[in-house]
Each structure stands twice: as C-alpha cells, then as structure tokens.
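S.K.: Structure incoming, see below.
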Amino acid sequence: MKPTHIEHIGIAVNSLADAISYYEKVLGLKCYSIEEVADQKVKTAFFRLGDTKIELLESTDPEGAISKFIEKRGEGIHHIAFAVDNIESALSDVSKEGVKLIDQAPRNGAEGLSIAFLHPKSTLGVLTELCEDKNKK
Ligand code: CMX
C-alpha cells in the first residue's frame with residue numbers, strides 16, 4: 001500500500017472543551033468541526049494543519065475504546081491515521097503482510113471517511129487507522 005499523507009492524529013482527552021481551549025488559545029489552531037460518532041462512542045473535534053488534522057477524542061461511554069485507553073494510559077496520542085487512495089486494496093495488502101485487522105472491511109468514520117483500524121499488537125504498538133475519502137472522487 002502507498003499512503004499519500006497523514007490524514008490525522010487522534011488524541012484521547014478527558015474533556016473536549018478543555019482540550020479545544022488549549023489547542024485554540026495556546027497552540028493557535030482553530031477548531032472547525034465538532035462531531036459525535038455514536039458507533040465509536042466518541043465526540044470529536046477537528047483542527048486542520050496543512051494536509052493533516054488533529055482529531056481530539058472524548059469518550060461518550062465508559063465501555064468505549066477511549067475510556068479504556070485513558071483509564072489505562074491517561075490522556076495522549078491514541079492513533080495515527082494514514083490516507084490511502086484505495087482502502088480495500090490497502091487492507092488486503094497489509095493483511096497479506098501478516099498485520100492483524102481490527103476492521104475486516106471499511107466502515108464509516110468521522111468526516112464522511114471510509115476507515116479501518118489495524119491492531120496495535122501487530123503495528124509496533126501504534127494503533128493505526130487507514131482512511132479513504134470516497135467523496136473526493
Ligand atoms: N495504542 C496502542 N496500544 C493500545 C491502544 C492504543 N490506542 N489501545 C489499546 N492498546 C493496547 C493495550 O495497552 C493492550 O496492551 P497490553 O495487552 O500489552 O496491555 C492491548 O492493546 C489490548 O488493549 P485493551 O485495553 O485490552 O483493549 P481492547 O483489546 O478492548 O481494545 C483495541 C484495544 C485497539 C483493539 C480497541 O481499542 C479498538 O478496537 N480500537 C479501534 C477503534 C477505536 O479506537 N475507536 C475510537 C476512535 C474512533 C475515531 O477515531 O473516530
């Protein structure tokens with residue numbers, strides 16, 4: 001597979017409001033979108049920086065991935081998302097290389113992207129997301 005750029009970096013936070021305030025007031029970025037992704041049990045806030053976005057993630061459910069992550073590791077970088085041109089073939093490529101897929105097939109993520117996660121135990125400890133913007137075509 002050939003990623004085109006880092007689509008976003010996902011950061012787990014306790015409070016979206018506090019984190020947005022930090023990113024805007026201290027780092028000088030502007031939040032352009034807040035979106036709840038119900039099936040991922042998160043509320044997200046997005047900031048754009050060049051081709052890459054920062055995605056802040058606040059949990060909406062104590063059983064969700066972000067709650068579990070913060071409980072175990074505290075706030076911090078949760079995942080890195082790579083943009084690809086064809087997510088189905090990228091998933092097939094990495095699978096053939098022995099990477100364990102969390103999502104066997106792409107599903108809908110924030111911002112209308114098709115997304116799929118790779119398991120951190122087979123990606124050197126980094127939860128990795130692949131994204132394709134099918135609306136771009
Ligand atoms: N980065 C690196 N390692 C991680 C991790 C992360 N974000 N989350 C969990 N792990 C590690 C854990 O530390 C644990 O390692 P050890 O066994 O060495 O302690 C191992 O993975 C298993 O983790 P766990 O706490 O038992 O949690 P689960 O197995 O229940 O789930 C994971 C882990 C990654 C499979 C799950 O969180 C998942 O499916 N994630 C994909 C979906 C997701 O993250 N959604 C939220 C974001 C949505 C969005 O961006 O819109």
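To be explicit about the labels: the chains of the structure tokens are called A, B, and onward in the order shown, and within each one the residues are counted from 1, while ligands get numbers from 1 in the order they are shown.
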Using backbone DSSP assignments, extract all helix (DSSP H, G or I) residues from chain A; output them as a ChimeraX atom specification.

M.R.: /A:16-26,38-40,65-73,87-96,110-112,120-122,134-136

S.K.: Kindly provide, as a list in words, all nucleotide and amino acid residues lying within 8 Å of ligand 1, counting only C-alpha atoms and all ligand atoms.

M.R.: Gly10, Val37, Gln40, Lys41, Val42, Thr44, Glu55, Leu57, Gly64, Ala65, Ile66, Lys68, Phe69, Lys72, Arg73, Ile77, His78, His79, Ile102, Gly109, Ala110, Phe117, Leu118, His119, Pro120, Lys121, Gly125, Val126 and Leu127 of chain A

S.K.: Could you check the closest approach to Ile115 (chain A) for each of A:Ser95, A:Asn86, A:Ser67, A:Thr4 and tell me which residue wins, using only C-alpha atoms?

M.R.: A:Asn86

S.K.: Mind listing the strand (DSSP E) residues of chain A, per DSSP on the backbone, as JSON, numbers by chain?

M.R.: {"A": [5, 6, 7, 8, 9, 10, 11, 12, 13, 31, 32, 33, 34, 35, 36, 37, 42, 43, 44, 45, 46, 47, 48, 49, 52, 53, 54, 55, 56, 57, 58, 59, 76, 77, 78, 79, 80, 81, 82, 83, 107, 108, 114, 115, 116, 117, 118, 128, 129, 130, 131, 132]}

S.K.: Interatomic distance between CA of Phe46 (chain A) and CA of Glu7 (chain A)?

M.R.: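 Computing the Euclidean distance for CA of Phe46 (chain A) and CA of Glu7 (chain A) yields 11.4 Å.
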
S.K.: Here is a test: counting only C-alpha atoms, which residue of A:Leu101, A:Ala19, A:Ile70, A:Val84 is nearest to Lys136 (chain A)?

M.R.: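 Counting only C-alpha atoms, the residue closest to Lys136 (chain A) is A:Val84.
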
S.K.: Just the number, please: distance in Å from CA of Asp103 (chain A) to CA of Val13 (chain A), one decimal.

M.R.: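 Going from CA of Asp103 (chain A) over to CA of Val13 (chain A) covers 23.5 Å.
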
S.K.: Give the answer as one residue: which of A:Ile11, A:Cys131, A:Asp61, A:Ser92 has the shortest atom-to-atom distance to Gly76 (chain A), using only C-alpha atoms?

M.R.: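 So, comparing all the options, the nearest one is A:Ile11.
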
S.K.: Can you pull out the residues contacting Asn14 (chain A)? Cut-off 8 Å, using only C-alpha atoms, and skip same-chain residues under 4 positions away; I want them as a PyMOL selection string.

M.R.: chain A and resi 58-59+70+75

S.K.: Keeping only all heavy atoms, take the residues you just selected and write them out as a PDB file, in the first residue's frame.

M.R.:
```pdb
ATOM      1  N   GLU A  58     -13.119  12.596  22.817  1.00  0.00           N
ATOM      2  CA  GLU A  58     -13.649  12.480  24.183  1.00  0.00           C
ATOM      3  C   GLU A  58     -14.635  11.325  24.192  1.00  0.00           C
ATOM      4  O   GLU A  58     -15.473  11.202  23.284  1.00  0.00           O
ATOM      5  CB  GLU A  58     -14.364  13.779  24.579  1.00  0.00           C
ATOM      6  CG  GLU A  58     -14.964  13.750  25.972  1.00  0.00           C
ATOM      7  CD  GLU A  58     -15.906  14.937  26.198  1.00  0.00           C
ATOM      8  OE1 GLU A  58     -17.113  14.792  25.877  1.00  0.00           O
ATOM      9  OE2 GLU A  58     -15.452  15.980  26.676  1.00  0.00           O
ATOM     10  N   SER A  59     -14.534  10.488  25.196  1.00  0.00           N
ATOM     11  CA  SER A  59     -15.422   9.331  25.255  1.00  0.00           C
ATOM     12  C   SER A  59     -16.854   9.737  25.613  1.00  0.00           C
ATOM     13  O   SER A  59     -17.071  10.659  26.393  1.00  0.00           O
ATOM     14  CB  SER A  59     -14.907   8.351  26.313  1.00  0.00           C
ATOM     15  OG  SER A  59     -15.739   7.228  26.334  1.00  0.00           O
ATOM     16  N   ILE A  70      -7.814   5.822  28.238  1.00  0.00           N
ATOM     17  CA  ILE A  70      -7.445   6.846  29.229  1.00  0.00           C
ATOM     18  C   ILE A  70      -7.290   6.227  30.612  1.00  0.00           C
ATOM     19  O   ILE A  70      -6.377   6.565  31.364  1.00  0.00           O
ATOM     20  CB  ILE A  70      -8.472   8.011  29.223  1.00  0.00           C
ATOM     21  CG1 ILE A  70      -8.320   8.815  27.923  1.00  0.00           C
ATOM     22  CG2 ILE A  70      -8.299   8.909  30.448  1.00  0.00           C
ATOM     23  CD1 ILE A  70      -9.221  10.018  27.792  1.00  0.00           C
ATOM     24  N   GLU A  75      -4.412  10.546  29.269  1.00  0.00           N
ATOM     25  CA  GLU A  75      -4.625  11.273  28.015  1.00  0.00           C
ATOM     26  C   GLU A  75      -3.372  11.168  27.142  1.00  0.00           C
ATOM     27  O   GLU A  75      -2.264  11.028  27.659  1.00  0.00           O
ATOM     28  CB  GLU A  75      -4.882  12.756  28.304  1.00  0.00           C
ATOM     29  CG  GLU A  75      -6.193  13.036  29.021  1.00  0.00           C
ATOM     30  CD  GLU A  75      -6.358  14.523  29.308  1.00  0.00           C
ATOM     31  OE1 GLU A  75      -5.513  15.067  30.045  1.00  0.00           O
ATOM     32  OE2 GLU A  75      -7.323  15.125  28.832  1.00  0.00           O
TER      33      GLU A  75
END
```
